[in-house]
>>> print(open('coords-v8.cif').read())   # mmCIF, C-alpha atoms
data_my_file
loop_
_atom_site.group_PDB
_atom_site.id
_atom_site.type_symbol
_atom_site.label_atom_id
_atom_site.label_comp_id
_atom_site.auth_asym_id
_atom_site.auth_seq_id
_atom_site.Cartn_x
_atom_site.Cartn_y
_atom_site.Cartn_z
ATOM 1 C CA GLY A 616 -18.868 3.958 5.009
ATOM 2 C CA ALA A 617 -15.234 4.340 6.033
ATOM 3 C CA HIS A 618 -14.043 5.120 2.501
ATOM 4 C CA ARG A 619 -16.492 8.003 2.180
ATOM 5 C CA ASP A 620 -15.620 9.340 5.642
ATOM 6 C CA PHE A 621 -11.912 9.482 4.835
ATOM 7 C CA LEU A 622 -12.590 11.214 1.521
ATOM 8 C CA LEU A 623 -14.865 13.767 3.149
ATOM 9 C CA ALA A 624 -12.158 14.384 5.755
ATOM 10 C CA GLY A 625 -9.789 15.372 2.937
ATOM 11 C CA SER A 626 -7.944 12.238 1.834
ATOM 12 C CA ASP A 627 -6.645 12.311 -1.741
ATOM 13 C CA ILE A 628 -6.024 8.556 -1.818
ATOM 14 C CA ILE A 629 -7.982 5.791 -0.096
ATOM 15 C CA ARG A 630 -6.984 2.145 0.108
ATOM 16 C CA THR A 631 -9.093 -0.906 -0.554
ATOM 17 C CA ASN A 632 -10.059 -3.066 2.413
ATOM 18 C CA THR A 633 -7.926 -5.964 1.175
ATOM 19 C CA ALA A 634 -5.144 -6.344 3.731
ATOM 20 C CA GLU A 635 -6.048 -10.021 4.265
ATOM 21 C CA ALA A 636 -7.655 -10.639 0.878
ATOM 22 C CA ASN A 637 -5.010 -13.071 -0.312
ATOM 23 C CA LEU A 638 -5.274 -16.790 -0.980
ATOM 24 C CA LEU A 639 -3.567 -17.877 2.260
ATOM 25 C CA SER A 640 -5.674 -15.714 4.568
ATOM 26 C CA LEU A 641 -8.930 -16.439 2.745
ATOM 27 C CA ALA A 642 -8.168 -20.182 2.844
ATOM 28 C CA GLU A 643 -8.578 -20.047 6.621
ATOM 29 C CA CYS A 644 -12.234 -19.180 5.982
ATOM 30 C CA ARG A 645 -12.482 -21.580 3.025
ATOM 31 C CA LEU A 646 -12.853 -18.597 0.695
ATOM 32 C CA ASN A 647 -9.586 -19.027 -1.203
ATOM 33 C CA LYS A 648 -11.441 -19.682 -4.476
ATOM 34 C CA LEU A 649 -12.954 -16.209 -4.168
ATOM 35 C CA THR A 650 -9.655 -14.284 -3.990
ATOM 36 C CA TYR A 651 -10.213 -12.560 -7.319
ATOM 37 C CA ASP A 652 -13.867 -11.763 -6.577
ATOM 38 C CA VAL A 653 -13.169 -10.374 -3.098
ATOM 39 C CA ASN A 654 -10.463 -8.053 -4.399
ATOM 40 C CA LYS A 655 -12.516 -6.891 -7.353
ATOM 41 C CA ALA A 656 -15.539 -6.149 -5.169
ATOM 42 C CA ALA A 657 -13.396 -4.262 -2.649
ATOM 43 C CA ALA A 658 -11.928 -2.135 -5.419
ATOM 44 C CA GLN A 659 -15.357 -1.382 -6.852
ATOM 45 C CA LEU A 660 -16.678 -0.284 -3.446
ATOM 46 C CA ALA A 661 -13.764 2.105 -2.952
ATOM 47 C CA LYS A 662 -14.072 3.496 -6.480
ATOM 48 C CA ARG A 663 -17.789 4.048 -5.973
ATOM 49 C CA ALA A 664 -17.139 6.070 -2.828
ATOM 50 C CA SER A 665 -14.437 8.053 -4.631
ATOM 51 C CA ALA A 666 -16.790 8.853 -7.509
ATOM 52 C CA GLU A 667 -19.585 9.913 -5.158
ATOM 53 C CA VAL A 668 -17.418 12.347 -3.205
ATOM 54 C CA THR A 669 -15.759 13.714 -6.328
ATOM 55 C CA LYS A 670 -19.212 14.375 -7.774
ATOM 56 C CA MET A 671 -19.976 16.445 -4.663
ATOM 57 C CA ASP A 672 -16.673 18.333 -4.959
ATOM 58 C CA ASN A 673 -14.932 18.103 -8.318
ATOM 59 C CA LYS A 674 -12.227 20.677 -7.591
ATOM 60 C CA ARG A 675 -9.615 17.940 -7.235
ATOM 61 C CA PRO A 676 -9.274 14.286 -8.194
ATOM 62 C CA ARG A 677 -9.366 11.407 -5.726
ATOM 63 C CA PHE A 678 -7.667 8.058 -6.181
ATOM 64 C CA VAL A 679 -8.005 4.468 -4.993
ATOM 65 C CA ALA A 680 -4.974 2.347 -4.155
ATOM 66 C CA GLY A 681 -5.312 -1.425 -4.208
ATOM 67 C CA LEU A 682 -3.863 -2.633 -0.908
ATOM 68 C CA ILE A 683 -1.633 -5.713 -0.851
ATOM 69 C CA SER A 684 -0.092 -6.839 2.424
ATOM 70 C CA PRO A 685 2.738 -9.306 3.108
ATOM 71 C CA VAL A 686 2.151 -12.928 4.028
ATOM 72 C CA ASP A 687 4.261 -15.524 5.818
ATOM 73 C CA SER A 688 6.223 -16.892 2.888
ATOM 74 C CA SER A 689 8.193 -19.504 4.846
ATOM 75 C CA ASP A 690 5.924 -22.397 3.810
ATOM 76 C CA ILE A 691 5.169 -21.376 0.244
ATOM 77 C CA SER A 692 7.271 -21.557 -2.921
ATOM 78 C CA TRP A 693 8.297 -18.528 -4.955
ATOM 79 C CA ASP A 694 6.004 -19.523 -7.840
ATOM 80 C CA GLN A 695 3.049 -19.975 -5.493
ATOM 81 C CA LEU A 696 3.711 -16.614 -3.853
ATOM 82 C CA VAL A 697 3.885 -14.822 -7.196
ATOM 83 C CA ALA A 698 0.729 -16.548 -8.471
ATOM 84 C CA MET A 699 -1.092 -15.559 -5.282
ATOM 85 C CA TYR A 700 -0.147 -11.905 -5.686
ATOM 86 C CA VAL A 701 -0.984 -11.927 -9.408
ATOM 87 C CA ASP A 702 -4.489 -13.170 -8.623
ATOM 88 C CA GLN A 703 -4.966 -10.417 -6.062
ATOM 89 C CA ILE A 704 -3.602 -7.741 -8.405
ATOM 90 C CA ARG A 705 -5.871 -8.976 -11.199
ATOM 91 C CA GLY A 706 -8.955 -8.547 -9.025
ATOM 92 C CA LEU A 707 -7.907 -5.101 -7.829
ATOM 93 C CA MET A 708 -7.106 -3.838 -11.321
ATOM 94 C CA ASP A 709 -10.303 -5.238 -12.821
ATOM 95 C CA GLY A 710 -12.151 -3.507 -9.986
ATOM 96 C CA GLY A 711 -10.748 -0.187 -11.183
ATOM 97 C CA VAL A 712 -7.996 0.835 -8.753
ATOM 98 C CA ASP A 713 -5.763 3.694 -9.874
ATOM 99 C CA MET A 714 -2.597 2.403 -8.233
ATOM 100 C CA LEU A 715 -1.256 -0.441 -6.103
ATOM 101 C CA THR A 716 0.185 -0.148 -2.617
ATOM 102 C CA PHE A 717 2.451 -2.849 -1.176
ATOM 103 C CA GLU A 718 2.209 -1.922 2.467
ATOM 104 C CA ALA A 719 4.101 -2.822 5.636
ATOM 105 C CA PHE A 720 6.502 -5.326 4.059
ATOM 106 C CA SER A 721 9.477 -6.492 6.117
ATOM 107 C CA SER A 722 10.494 -9.629 4.209
ATOM 108 C CA ALA A 723 12.657 -8.943 1.176
ATOM 109 C CA ALA A 724 11.493 -12.179 -0.467
ATOM 110 C CA ALA A 725 7.811 -11.327 -0.110
ATOM 111 C CA LEU A 726 8.372 -7.798 -1.419
ATOM 112 C CA ARG A 727 10.350 -9.020 -4.429
ATOM 113 C CA ALA A 728 7.573 -11.532 -5.177
ATOM 114 C CA ALA A 729 4.907 -8.823 -5.023
ATOM 115 C CA ILE A 730 6.891 -6.515 -7.307
ATOM 116 C CA TYR A 731 7.565 -9.385 -9.731
ATOM 117 C CA ALA A 732 3.872 -10.319 -9.671
ATOM 118 C CA ALA A 733 2.932 -6.776 -10.683
ATOM 119 C CA GLU A 734 5.438 -6.888 -13.545
ATOM 120 C CA GLU A 735 4.085 -10.275 -14.652
ATOM 121 C CA TYR A 736 0.485 -9.081 -14.555
ATOM 122 C CA PHE A 737 1.086 -5.943 -16.619
ATOM 123 C CA ALA A 738 3.275 -7.835 -19.086
ATOM 124 C CA ARG A 739 0.610 -10.528 -19.608
ATOM 125 C CA THR A 740 -2.306 -8.126 -19.912
ATOM 126 C CA LYS A 741 -0.384 -5.440 -21.821
ATOM 127 C CA ARG A 742 -2.076 -2.872 -19.608
ATOM 128 C CA MET A 743 -0.329 0.339 -18.660
ATOM 129 C CA ASN A 744 1.632 -0.126 -15.441
ATOM 130 C CA ALA A 745 -0.174 1.275 -12.420
ATOM 131 C CA PRO A 746 1.842 3.476 -10.038
ATOM 132 C CA LEU A 747 3.300 1.552 -7.093
ATOM 133 C CA LEU A 748 3.448 2.733 -3.496
ATOM 134 C CA ILE A 749 5.781 0.594 -1.376
ATOM 135 C CA SER A 750 6.317 0.807 2.368
ATOM 136 C CA ALA A 751 8.505 -1.013 4.861
ATOM 137 C CA CYS A 752 7.243 -2.029 8.275
ATOM 138 C CA SER A 753 9.194 -0.868 11.311
ATOM 139 C CA ALA A 754 8.702 -1.412 14.995
ATOM 140 C CA GLU A 755 8.462 1.668 17.173
ATOM 141 C CA GLY A 756 11.773 3.344 17.820
ATOM 142 C CA LEU A 757 13.756 1.017 15.557
ATOM 143 C CA GLU A 758 15.877 2.037 12.603
ATOM 144 C CA ARG A 759 15.336 -1.237 10.770
ATOM 145 C CA THR A 760 12.454 -3.187 9.311
ATOM 146 C CA LEU A 761 10.801 -5.858 11.427
ATOM 147 C CA SER A 762 12.918 -8.496 9.696
ATOM 148 C CA GLY A 763 16.108 -6.703 10.726
ATOM 149 C CA SER A 764 17.035 -5.177 7.358
ATOM 150 C CA THR A 765 18.303 -1.616 7.209
ATOM 151 C CA PHE A 766 16.179 0.874 5.332
ATOM 152 C CA ASP A 767 19.010 1.241 2.809
ATOM 153 C CA ALA A 768 18.762 -2.491 2.080
ATOM 154 C CA PHE A 769 14.992 -2.198 1.813
ATOM 155 C CA CYS A 770 15.359 0.559 -0.784
ATOM 156 C CA ILE A 771 17.684 -1.619 -2.848
ATOM 157 C CA ASN A 772 14.828 -4.105 -3.234
ATOM 158 C CA THR A 773 12.525 -1.343 -4.518
ATOM 159 C CA LYS A 774 14.809 0.390 -7.001
ATOM 160 C CA TYR A 775 14.043 -1.796 -9.993
ATOM 161 C CA ALA A 776 10.292 -1.500 -9.328
ATOM 162 C CA ASN A 777 10.212 2.150 -10.484
ATOM 163 C CA ALA A 778 7.909 2.875 -7.569
ATOM 164 C CA PHE A 779 6.014 6.145 -7.485
ATOM 165 C CA SER A 780 6.713 6.412 -3.765
ATOM 166 C CA VAL A 781 8.697 4.461 -1.171
ATOM 167 C CA GLY A 782 8.067 4.956 2.522
ATOM 168 C CA LEU A 783 7.386 3.608 5.952
ATOM 169 C CA ALA A 784 4.469 2.083 7.813
ATOM 170 C CA CYS A 785 5.213 2.721 11.460
ATOM 171 C CA PRO A 786 3.407 2.920 14.793
ATOM 172 C CA GLY A 787 6.089 5.175 16.270
ATOM 173 C CA GLY A 788 6.088 8.869 17.074
ATOM 174 C CA HIS A 789 6.790 11.478 14.455
ATOM 175 C CA LEU A 790 10.523 11.747 15.227
ATOM 176 C CA GLU A 791 11.054 8.053 14.531
ATOM 177 C CA VAL A 792 9.094 8.318 11.302
ATOM 178 C CA VAL A 793 10.910 11.417 10.072
ATOM 179 C CA ASN A 794 14.368 10.075 10.917
ATOM 180 C CA ALA A 795 13.670 6.743 9.227
ATOM 181 C CA CYS A 796 12.179 8.426 6.167
ATOM 182 C CA LYS A 797 15.269 10.626 5.847
ATOM 183 C CA SER A 798 17.255 7.435 5.330
ATOM 184 C CA ILE A 799 14.727 6.123 2.810
ATOM 185 C CA ALA A 800 14.567 9.432 0.920
ATOM 186 C CA ALA A 801 18.366 9.497 0.683
ATOM 187 C CA SER A 802 18.457 5.966 -0.736
ATOM 188 C CA SER A 803 15.545 6.243 -3.177
ATOM 189 C CA SER A 804 14.829 8.406 -6.217
ATOM 190 C CA SER A 805 11.079 7.995 -5.627
ATOM 191 C CA TRP A 806 8.778 10.157 -3.566
ATOM 192 C CA CYS A 807 8.687 9.383 0.146
ATOM 193 C CA HIS A 808 5.580 8.771 2.279
ATOM 194 C CA ALA A 809 4.631 7.608 5.766
ATOM 195 C CA VAL A 810 1.619 5.651 6.964
ATOM 196 C CA PHE A 811 0.824 5.909 10.656
ATOM 197 C CA GLY A 812 -0.568 2.847 12.345
ATOM 198 C CA CYS A 813 -1.763 4.436 15.586
ATOM 199 C CA SER A 814 -5.457 3.646 15.249
ATOM 200 C CA SER A 815 -6.059 4.651 18.879
ATOM 201 C CA MET A 816 -4.861 8.216 18.350
ATOM 202 C CA GLU A 817 -7.289 11.083 18.811
ATOM 203 C CA PRO A 818 -7.933 13.209 15.678
ATOM 204 C CA ASP A 819 -6.194 16.304 17.113
ATOM 205 C CA SER A 820 -3.110 14.293 18.056
ATOM 206 C CA PHE A 821 -2.951 12.703 14.626
ATOM 207 C CA ALA A 822 -3.346 16.092 12.902
ATOM 208 C CA THR A 823 -0.502 17.519 14.979
ATOM 209 C CA LYS A 824 1.740 14.588 14.053
ATOM 210 C CA VAL A 825 0.935 14.994 10.367
ATOM 211 C CA LEU A 826 1.743 18.725 10.416
ATOM 212 C CA GLU A 827 5.051 18.115 12.165
ATOM 213 C CA CYS A 828 6.006 15.496 9.599
ATOM 214 C CA GLY A 829 4.942 17.747 6.754
ATOM 215 C CA ASN A 830 7.152 20.532 8.055
ATOM 216 C CA SER A 831 10.148 18.202 7.990
ATOM 217 C CA SER A 832 10.479 18.634 4.194
ATOM 218 C CA VAL A 833 11.197 14.902 3.950
ATOM 219 C CA LEU A 834 7.756 13.502 3.186
ATOM 220 C CA ASN A 835 5.725 14.095 0.045
ATOM 221 C CA PHE A 836 2.520 12.782 1.592
ATOM 222 C CA VAL A 837 1.301 11.082 4.750
ATOM 223 C CA GLY A 838 -1.663 8.984 5.805
ATOM 224 C CA GLY A 839 -3.100 6.580 8.311
ATOM 225 C CA SER A 840 -5.555 3.688 8.475
ATOM 226 C CA SER A 841 -7.541 3.929 5.205
ATOM 227 C CA GLY A 842 -6.710 7.379 3.847
ATOM 228 C CA VAL A 843 -3.672 9.283 2.606
#
>>> encode(input="coords-v8.cif", output="structure tokens")
Amino acid sequence: GAHRDFLLAGSDIIRTNTAEANLLSLAECRLNKLTYDVNKAAAQLAKRASAEVTKMDNKRPRFVAGLISPVDSSDISWDQLVAMYVDQIRGLMDGGVDMLTFEAFSSAAALRAAIYAAEEYFARTKRMNAPLLISACSAEGLERTLSGSTFDAFCINTKYANAFSVGLACPGGHLEVVNACKSIAASSSSWCHAVFGCSSMEPDSFATKVLECGNSSVLNFVGGSSGV
């Protein structure tokens, strides 16, 4: 499957296939009661692939990040938003993910709710906090998030989360990514990462972009699609 392919290609971290595995999105398919089960199963599938590849090559560890994406929070209360994220986090953690990734957020309210939901979950369960990867979503060529916030403002919303890494999910070229991540790195004490969204890119083009970003000395790690 895709998880195994990314691991065999060299990814150290793969993400669960849970971008739309939240209550609101699943409700459109009348599967909202299965939010926990869908997330748990997705985590287990990714962990299985990670274990299989690591068994083939145990020279380095491989990790699974539970993917949580933003939702349109305009028609939902804060408590409902937090409860929705808690349910998703519960499924991902019970499925065995090693960390959580809040990816491509542009709304400050949705990001704060996701961070608060993670804090609530770990406080209730008394489990050790999982590392958090947090990324803002930017349109190509812009120096702001899709909601119009500056990257400095975005970083302010992440500071109290003690995130392992804060970065950018962007479809733009490498110069846009590097310049934006310089701003994020300057405003955050966390590591900095970039996730490329150009799914139509050829492998050689993507590899070239990754090397150029790596040579910038700004990013700690990079990824695209399902692997980091």
>>> atom_distance(input="coords-v8.cif", atom1="CA of Cys828 (chain A)", atom2="CA of Ala634 (chain A)")
25.2 Å
>>> resolve_selection(input="coords-v8.cif", expression="the PyMOL selection byres ((chain A and resi 703) around 8)", output="list in words")
Ala636, Asn637, Thr650, Tyr651, Asn654, Ile683, Met699, Tyr700, Val701, Asp702, Ile704, Arg705, Gly706 and Leu707 of chain A
>>> closest_residue(input="coords-v8.cif", among="A:Ile691, A:Ile629, A:Leu748, A:Cys644", to="Ala733 (chain A)", atoms="all atoms listed in the file")
A:Leu748
>>> closest_residue(input="coords-v8.cif", among="A:Pro818, A:Gly782, A:Gly838, A:Pro685", to="Ala724 (chain A)", atoms="all atoms listed in the file")
A:Pro685
>>> residues_around(input="coords-v8.cif", residues="Cys807 (chain A)", least_positions_apart="5", cutoff="8 Å", atoms="all atoms listed in the file", output="short mmCIF file (atom, residue, chain, number, x, y, z; two decimals) with C-alpha atoms, keeping the file's coordinate frame")
data_model
loop_
_atom_site.label_atom_id
_atom_site.label_comp_id
_atom_site.auth_asym_id
_atom_site.auth_seq_id
_atom_site.Cartn_x
_atom_site.Cartn_y
_atom_site.Cartn_z
CA SER A 780 6.71 6.41 -3.76
CA VAL A 781 8.70 4.46 -1.17
CA GLY A 782 8.07 4.96 2.52
CA CYS A 796 12.18 8.43 6.17
CA ILE A 799 14.73 6.12 2.81
CA ALA A 800 14.57 9.43 0.92
CA VAL A 833 11.20 14.90 3.95
CA LEU A 834 7.76 13.50 3.19
CA ASN A 835 5.72 14.10 0.04
CA PHE A 836 2.52 12.78 1.59
#
>>> resolve_selection(input="coords-v8.cif", expression="the PyMOL selection byres ((chain A and resi 764) around 12)", output="PDB file with C-alpha atoms, in the frame of the given file")
ATOM      1  CA  PHE A 720       6.502  -5.326   4.059  1.00  0.00           C
ATOM      2  CA  SER A 721       9.477  -6.492   6.117  1.00  0.00           C
ATOM      3  CA  SER A 722      10.494  -9.629   4.209  1.00  0.00           C
ATOM      4  CA  ALA A 723      12.657  -8.943   1.176  1.00  0.00           C
ATOM      5  CA  ALA A 724      11.493 -12.179  -0.467  1.00  0.00           C
ATOM      6  CA  ALA A 751       8.505  -1.013   4.861  1.00  0.00           C
ATOM      7  CA  CYS A 752       7.243  -2.029   8.275  1.00  0.00           C
ATOM      8  CA  SER A 753       9.194  -0.868  11.311  1.00  0.00           C
ATOM      9  CA  ALA A 754       8.702  -1.412  14.995  1.00  0.00           C
ATOM     10  CA  LEU A 757      13.756   1.017  15.557  1.00  0.00           C
ATOM     11  CA  GLU A 758      15.877   2.037  12.603  1.00  0.00           C
ATOM     12  CA  ARG A 759      15.336  -1.237  10.770  1.00  0.00           C
ATOM     13  CA  THR A 760      12.454  -3.187   9.311  1.00  0.00           C
ATOM     14  CA  LEU A 761      10.801  -5.858  11.427  1.00  0.00           C
ATOM     15  CA  SER A 762      12.918  -8.496   9.696  1.00  0.00           C
ATOM     16  CA  GLY A 763      16.108  -6.703  10.726  1.00  0.00           C
ATOM     17  CA  THR A 765      18.303  -1.616   7.209  1.00  0.00           C
ATOM     18  CA  PHE A 766      16.179   0.874   5.332  1.00  0.00           C
ATOM     19  CA  ASP A 767      19.010   1.241   2.809  1.00  0.00           C
ATOM     20  CA  ALA A 768      18.762  -2.491   2.080  1.00  0.00           C
ATOM     21  CA  PHE A 769      14.992  -2.198   1.813  1.00  0.00           C
ATOM     22  CA  CYS A 770      15.359   0.559  -0.784  1.00  0.00           C
ATOM     23  CA  ILE A 771      17.684  -1.619  -2.848  1.00  0.00           C
ATOM     24  CA  ASN A 772      14.828  -4.105  -3.234  1.00  0.00           C
TER      25      ASN A 772
END
>>> closest_residue(input="coords-v8.cif", among="A:Val792, A:Met743, A:Ala801, A:Ala809", to="Glu718 (chain A)", atoms="all atoms listed in the file")
A:Ala809
>>> atom_distance(input="coords-v8.cif", atom1="CA of Ala738 (chain A)", atom2="CA of Asp709 (chain A)")
15.2 Å
>>> closest_residue(input="coords-v8.cif", among="A:Asp652, A:Asp627, A:Asp620, A:Asp687", to="Met708 (chain A)", atoms="all atoms listed in the file")
A:Asp652
>>> atom_distance(input="coords-v8.cif", atom1="CA of Glu817 (chain A)", atom2="CA of Ser684 (chain A)")
25.3 Å
>>> closest_residue(input="coords-v8.cif", among="A:Leu660, A:Ile628, A:Leu641, A:Leu646", to="Arg675 (chain A)", atoms="only C-alpha atoms")
A:Ile628
>>> closest_residue(input="coords-v8.cif", among="A:Ala698, A:Gly711, A:Val810, A:Val653", to="Ala732 (chain A)", atoms="only C-alpha atoms")
A:Ala698
>>> resolve_selection(input="coords-v8.cif", expression="the PyMOL selection byres ((chain A and resi 623) around 12)", output="list in words")
Gly616, Ala617, His618, Arg619, Asp620, Phe621, Leu622, Ala624, Gly625, Ser626, Asp627, Ile628, Ile629, Ala664, Ser665, Ala666, Glu667, Val668, Thr669, Lys670, Met671, Asp672, Arg677 and Gly842 of chain A
>>> axis_aligned_box(input="coords-v8.cif", around="region 691-698 of chain A", padding_each_side="3 Å", output="JSON")
{"center_x": 4.5, "center_y": -18.2, "center_z": -4.1, "size_x": 13.6, "size_y": 12.7, "size_z": 14.7}
